[in-house]
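Structure file upload21.cif (mmCIF, C-alpha atoms) follows.
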data_final
loop_
_atom_site.label_atom_id
_atom_site.label_comp_id
_atom_site.auth_asym_id
_atom_site.auth_seq_id
_atom_site.Cartn_x
_atom_site.Cartn_y
_atom_site.Cartn_z
CA MET G 28 0.00 0.00 0.00
CA ILE G 29 1.28 3.46 -0.93
CA ASN G 30 1.73 5.87 1.97
CA ASN G 31 -0.05 8.94 0.62
CA ASP G 32 1.81 11.38 2.89
CA ASN G 33 5.18 10.01 1.73
CA PHE G 34 4.04 10.13 -1.90
CA GLN G 35 2.95 13.77 -1.57
CA ASP G 36 6.21 14.68 0.19
CA GLU G 37 8.18 13.05 -2.64
CA ILE G 38 6.31 15.11 -5.25
CA GLY G 39 6.91 18.32 -3.30
CA ASP G 40 10.55 17.69 -2.45
CA ASN G 41 11.29 16.91 -6.08
CA HIS G 42 9.27 19.90 -7.34
CA ILE G 43 7.11 17.75 -9.61
CA ALA G 44 4.07 19.37 -11.20
CA THR G 45 0.93 17.29 -11.51
CA ASN G 46 -0.88 19.65 -13.88
CA ALA G 47 0.16 21.88 -16.79
CA SER G 48 -2.41 24.42 -15.61
CA ASN G 49 -2.66 25.83 -12.11
CA PRO G 50 -4.94 23.46 -10.16
CA VAL G 51 -7.71 25.94 -9.34
CA ARG G 52 -11.20 24.84 -8.32
CA LYS G 53 -14.21 25.96 -10.36
CA ASP G 54 -15.64 27.84 -7.37
CA ALA G 55 -12.35 29.65 -6.68
CA PHE G 56 -13.83 33.11 -7.21
CA ASP G 57 -17.27 32.65 -5.71
CA ILE G 58 -15.97 34.19 -2.50
CA PRO G 59 -15.15 37.95 -2.72
CA ASP G 60 -11.64 39.08 -1.83
CA ASP G 61 -12.70 40.76 1.44
CA LYS G 62 -14.25 37.52 2.67
CA LYS G 63 -11.17 35.53 1.63
CA ILE G 64 -8.98 37.92 3.62
CA GLU G 65 -11.14 37.47 6.70
CA LEU G 66 -11.06 33.66 6.42
CA ILE G 67 -7.32 33.49 5.78
CA LYS G 68 -6.70 35.88 8.69
CA LYS G 69 -8.36 33.39 11.05
CA ASP G 70 -6.31 30.54 9.57
CA VAL G 71 -3.04 32.44 10.07
CA GLU G 72 -4.07 33.26 13.64
CA SER G 73 -4.61 29.54 14.22
CA ILE G 74 -1.21 28.61 12.77
CA LEU G 75 0.67 31.16 14.86
CA THR G 76 -1.24 30.26 18.00
CA THR G 77 -0.51 26.57 17.44
CA LEU G 78 3.18 27.44 17.08
CA GLY G 79 3.01 29.08 20.49
CA MET G 80 3.19 32.72 19.42
CA ASP G 81 1.63 35.44 21.57
CA LEU G 82 -0.73 37.35 19.27
CA THR G 83 -1.35 40.01 21.88
CA ASP G 84 2.18 41.30 21.29
CA ASP G 85 2.20 44.57 19.36
CA SER G 86 4.64 43.15 16.79
CA LEU G 87 2.42 40.14 16.01
CA LYS G 88 -1.15 41.30 16.47
CA GLY G 89 -1.38 42.69 12.92
CA THR G 90 0.44 39.79 11.26
CA PRO G 91 -2.61 37.60 10.44
CA ASN G 92 -4.33 40.45 8.62
CA ARG G 93 -1.14 41.50 6.82
CA VAL G 94 -0.49 37.94 5.63
CA ALA G 95 -4.09 37.49 4.48
CA LYS G 96 -4.06 40.72 2.47
CA MET G 97 -0.67 39.82 0.99
CA PHE G 98 -1.95 36.41 -0.14
CA VAL G 99 -5.13 37.72 -1.77
CA LYS G 100 -4.06 41.13 -3.06
CA GLU G 101 -0.40 40.59 -3.88
CA ILE G 102 1.58 37.35 -4.15
CA PHE G 103 -1.38 35.20 -5.29
CA GLY G 104 -3.24 37.95 -7.16
CA GLY G 105 -2.41 36.28 -10.48
CA LEU G 106 -4.92 33.52 -9.76
CA ASN G 107 -7.78 35.94 -10.46
CA PRO G 108 -8.53 36.12 -14.21
CA ASN G 109 -9.97 39.61 -13.70
CA LYS G 110 -6.43 40.80 -12.94
CA LYS G 111 -5.01 39.51 -16.21
CA PRO G 112 -3.24 42.41 -17.96
CA SER G 113 -4.72 43.65 -21.20
CA SER G 114 -2.23 43.21 -24.01
CA SER G 115 -2.96 45.56 -26.87
CA THR G 116 -1.06 44.81 -30.05
CA PHE G 117 -0.01 47.18 -32.81
CA ALA G 118 0.76 46.79 -36.47
CA ASN G 119 4.45 46.27 -37.16
CA ASN G 120 4.50 49.31 -39.47
CA TYR G 121 8.28 49.66 -39.36
CA LYS G 122 8.59 46.08 -40.69
CA TYR G 123 11.05 44.97 -38.02
CA GLY G 124 11.65 41.33 -38.91
CA GLU G 125 14.26 40.19 -36.40
CA MET G 126 13.67 38.83 -32.92
CA LEU G 127 12.81 41.18 -30.09
CA VAL G 128 14.26 40.22 -26.71
CA GLU G 129 13.15 41.52 -23.32
CA LYS G 130 15.77 40.28 -20.86
CA ASN G 131 16.22 40.33 -17.11
CA ILE G 132 12.53 40.61 -16.24
CA THR G 133 12.27 40.25 -12.47
CA VAL G 134 10.39 37.14 -11.32
CA TYR G 135 8.85 36.93 -7.87
CA SER G 136 6.78 33.79 -7.48
CA THR G 137 5.90 31.22 -4.82
CA CYS G 138 6.64 27.49 -4.85
CA GLU G 139 3.33 25.64 -4.63
CA HIS G 140 4.89 22.79 -2.62
CA HIS G 141 6.17 24.74 0.40
CA LEU G 142 4.79 28.28 -0.20
CA LEU G 143 8.31 29.69 -0.17
CA PRO G 144 9.60 32.35 -2.60
CA ILE G 145 10.97 31.79 -6.09
CA VAL G 146 13.15 34.74 -7.12
CA GLY G 147 14.90 35.15 -10.46
CA ARG G 148 14.93 36.56 -13.97
CA ALA G 149 12.92 35.81 -17.09
CA HIS G 150 14.15 36.42 -20.63
CA VAL G 151 11.42 36.57 -23.27
CA ALA G 152 11.65 36.89 -27.05
CA TYR G 153 9.40 36.83 -30.09
CA ILE G 154 9.58 37.29 -33.85
CA SER G 155 6.77 39.43 -35.22
CA ASN G 156 4.49 38.05 -37.92
CA GLY G 157 2.87 41.46 -38.42
CA THR G 158 2.01 42.64 -34.92
CA VAL G 159 4.00 43.83 -31.92
CA VAL G 160 3.17 44.28 -28.24
CA GLY G 161 4.25 47.04 -25.86
CA LEU G 162 7.44 46.16 -24.01
CA SER G 163 5.92 46.72 -20.56
CA LYS G 164 3.15 44.22 -21.41
CA MET G 165 5.74 41.44 -21.60
CA ASN G 166 6.83 42.27 -18.04
CA ARG G 167 3.21 42.39 -16.89
CA ILE G 168 2.46 38.98 -18.40
CA VAL G 169 5.44 37.49 -16.56
CA ASP G 170 4.32 39.15 -13.32
CA TYR G 171 0.70 37.99 -13.70
CA TYR G 172 1.53 34.32 -14.12
CA ALA G 173 4.25 34.48 -11.46
CA LYS G 174 1.75 35.71 -8.84
CA ARG G 175 0.40 32.22 -8.16
CA PRO G 176 1.48 29.14 -6.27
CA GLN G 177 3.73 27.92 -9.07
CA VAL G 178 6.09 25.37 -10.52
CA GLN G 179 8.81 27.00 -12.63
CA GLU G 180 8.31 24.73 -15.63
CA ARG G 181 4.61 25.60 -15.74
CA LEU G 182 5.31 29.32 -15.38
CA THR G 183 7.73 29.23 -18.31
CA MET G 184 5.16 27.50 -20.51
CA GLN G 185 2.33 29.84 -19.50
CA ILE G 186 4.35 32.94 -20.42
CA VAL G 187 5.10 31.54 -23.88
CA GLN G 188 1.53 30.34 -24.48
CA GLU G 189 0.04 33.70 -23.48
CA LEU G 190 2.35 35.67 -25.79
CA GLN G 191 1.65 33.24 -28.62
CA LYS G 192 -2.06 34.01 -28.24
CA VAL G 193 -1.54 37.75 -27.91
CA LEU G 194 0.80 38.01 -30.91
CA ASN G 195 -0.87 35.29 -33.01
CA THR G 196 2.44 33.57 -33.66
CA GLU G 197 4.22 30.42 -32.50
CA ASP G 198 7.57 32.23 -32.60
CA VAL G 199 7.97 32.96 -28.88
CA ALA G 200 10.62 31.83 -26.39
CA CYS G 201 11.23 32.16 -22.67
CA VAL G 202 14.10 31.24 -20.33
CA ILE G 203 13.82 31.60 -16.56
CA ASP G 204 16.74 31.38 -14.13
CA ALA G 205 15.55 31.43 -10.52
CA LYS G 206 16.42 30.51 -6.97
CA HIS G 207 13.94 28.47 -4.95
CA LEU G 208 14.00 29.14 -1.22
CA CYS G 209 12.55 25.67 -0.61
CA VAL G 210 15.96 24.45 -1.87
CA ASN G 211 18.11 27.33 -0.59
CA SER G 212 16.68 27.70 2.93
CA ARG G 213 15.36 24.23 3.85
CA GLY G 214 16.00 20.61 2.96
CA ILE G 215 19.39 20.47 1.25
CA ARG G 216 19.91 24.21 1.98
CA ASP G 217 22.07 24.81 -1.07
CA ILE G 218 22.27 28.59 -1.33
CA GLU G 219 24.29 28.60 -4.57
CA SER G 220 22.05 26.56 -6.87
CA SER G 221 19.44 27.98 -9.22
CA THR G 222 16.96 26.40 -11.61
CA VAL G 223 16.87 27.16 -15.36
CA THR G 224 13.82 26.33 -17.47
CA SER G 225 13.07 27.11 -21.10
CA GLU G 226 10.26 26.93 -23.62
CA PHE G 227 10.85 27.44 -27.35
CA GLY G 228 8.06 27.82 -29.90
CA GLY G 229 8.00 28.02 -33.69
CA LYS G 230 11.20 29.35 -35.24
CA PHE G 231 12.94 29.23 -31.86
CA LYS G 232 13.08 25.45 -32.16
CA ASP G 233 15.61 25.99 -34.97
CA GLU G 234 19.09 25.60 -33.49
CA ASN G 235 20.49 28.77 -35.07
CA THR G 236 17.58 30.93 -33.90
CA LYS G 237 17.69 29.38 -30.45
CA ARG G 238 21.44 30.03 -30.24
CA GLU G 239 20.96 33.67 -31.30
CA PHE G 240 18.42 34.16 -28.51
CA LEU G 241 20.65 32.50 -25.91
CA ASP G 242 23.58 34.65 -27.03
CA TYR G 243 21.50 37.81 -26.62
CA ILE G 244 20.53 37.04 -23.03
CA LYS G 245 24.20 36.48 -22.13
CA LEU G 246 25.11 40.01 -23.21
CA ASP G 247 25.98 42.53 -20.52
CA THR G 248 23.49 45.40 -20.60
CA GLN G 249 25.27 48.77 -20.70
CA PHE G 250 23.71 51.94 -19.32
#
Do you think you could lay out the structure here as structure tokens?
Amino acid sequence: MINNDNFQDEIGDNHIATNASNPVRKDAFDIPDDKKIELIKKDVESILTTLGMDLTDDSLKGTPNRVAKMFVKEIFGGLNPNKKPSSSTFANNYKYGEMLVEKNITVYSTCEHHLLPIVGRAHVAYISNGTVVGLSKMNRIVDYYAKRPQVQERLTMQIVQELQKVLNTEDVACVIDAKHLCVNSRGIRDIESSTVTSEFGGKFKDENTKREFLDYIKLDTQF
């Protein structure tokens, strides 16, 4: 007989995703944000009390509410489809036909296995087939999908898939290099290691195009 707790621990410790989409229930948004904050606040109070913390202390008494608001309004705000950034596209009137690369996009996400931070950089590129998207929208797309309990492989795929839809082209690529605090601060506690994931679509599957993209993101940016 399989020990379910051990099986779940093995999945989490090895950072294995069980779903290519975020596993969100159908009723996830039936409860308004204010009610979610109130419910989560009580849960955080219970956790801290169980740990033996004195919630009457001035330093701690506001923590449950702060954590609840942070979960709903900030670090997990990307779960709400209403917060998805609009991504207006424009005609490529200047006929730019080479790849466009947006590098060193800051990634702040949360590991869905231990709810610890994932911190790193995303590098995103596309080749226009007639339309372009504002540069800041690429950053916003990364930020939106990062603000969820995540697995890095899934996040990388979601960024590419969203830009493919927005730009109506398969020619999109993304590389993410990030540190996982569930590796750096617990378990093996290896503070030096980082995780690199990539997703290449369309022309980026060609070795020469892929190499050009990878060479671009290695360049030092001069200011």
Residues returned when the PyMOL selection byres ((chain G and resi 179) around 12) runs on this file, as a PyMOL selection string: chain G and resi 42-44+47-49+134-140+144-149+169+172-178+180-186+201-207+221-226
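Going from CA of Lys69 (chain G) to CA of Glu101 (chain G) covers 18.4 Å.
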Would you translate the PyMOL selection byres ((chain G and resi 162) around 12) into the concrete set of residues it matches in this file, as a PyMOL selection string? chain G and resi 114-117+127-130+132+151-153+159-161+163-169+190
Can you list, as number ranges by chain, every protein, DNA or RNA residue that comes within 9 Å of Met97 (chain G) when you count all atoms listed in the file, leaving out same-chain residues fewer than 6 positions away? G: 64, 103-104
Nearest to Pro59 (chain G) by atom-to-atom distance, counting only C-alpha atoms, from G:Asn107, G:Lys88, G:Asn131, G:Arg93: G:Asn107
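Distance-wise, CA of Val199 (chain G) and CA of Gly229 (chain G) end up 6.9 Å apart.
Straight-line separation from CA of Thr196 (chain G) to CA of Phe231 (chain G): 11.5 Å.
The neighbours of Thr158 (chain G) here are the residues that come within 6 Å of it, using only C-alpha atoms and leaving out any residue fewer than 3 positions away in the same chain; they are Phe117, Ala118, Asn119 and Ser155 of chain G.
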Just C-alpha atoms for this one: save the residues we selected as a CSV table (one decimal), in the frame of the given file.
chain,number,residue,atom,x,y,z
G,117,PHE,CA,0.0,47.2,-32.8
G,118,ALA,CA,0.8,46.8,-36.5
G,119,ASN,CA,4.4,46.3,-37.2
G,155,SER,CA,6.8,39.4,-35.2
Closest of G:Val187, G:Leu106, G:Leu208, G:Ile218 to Arg52 (chain G), counting all atoms listed in the file, is G:Leu106
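When all atoms listed in the file are used to compute distances to Glu197 (chain G), the closest of the residues G:Gly157, G:Gly214, G:Gly228, G:Gly124 turns out to be G:Gly228.
Residue nearest Lys63 (chain G), chosen from G:Ser212, G:Ser220, G:Asn92, G:Asn120 and counting only C-alpha atoms: G:Asn92.
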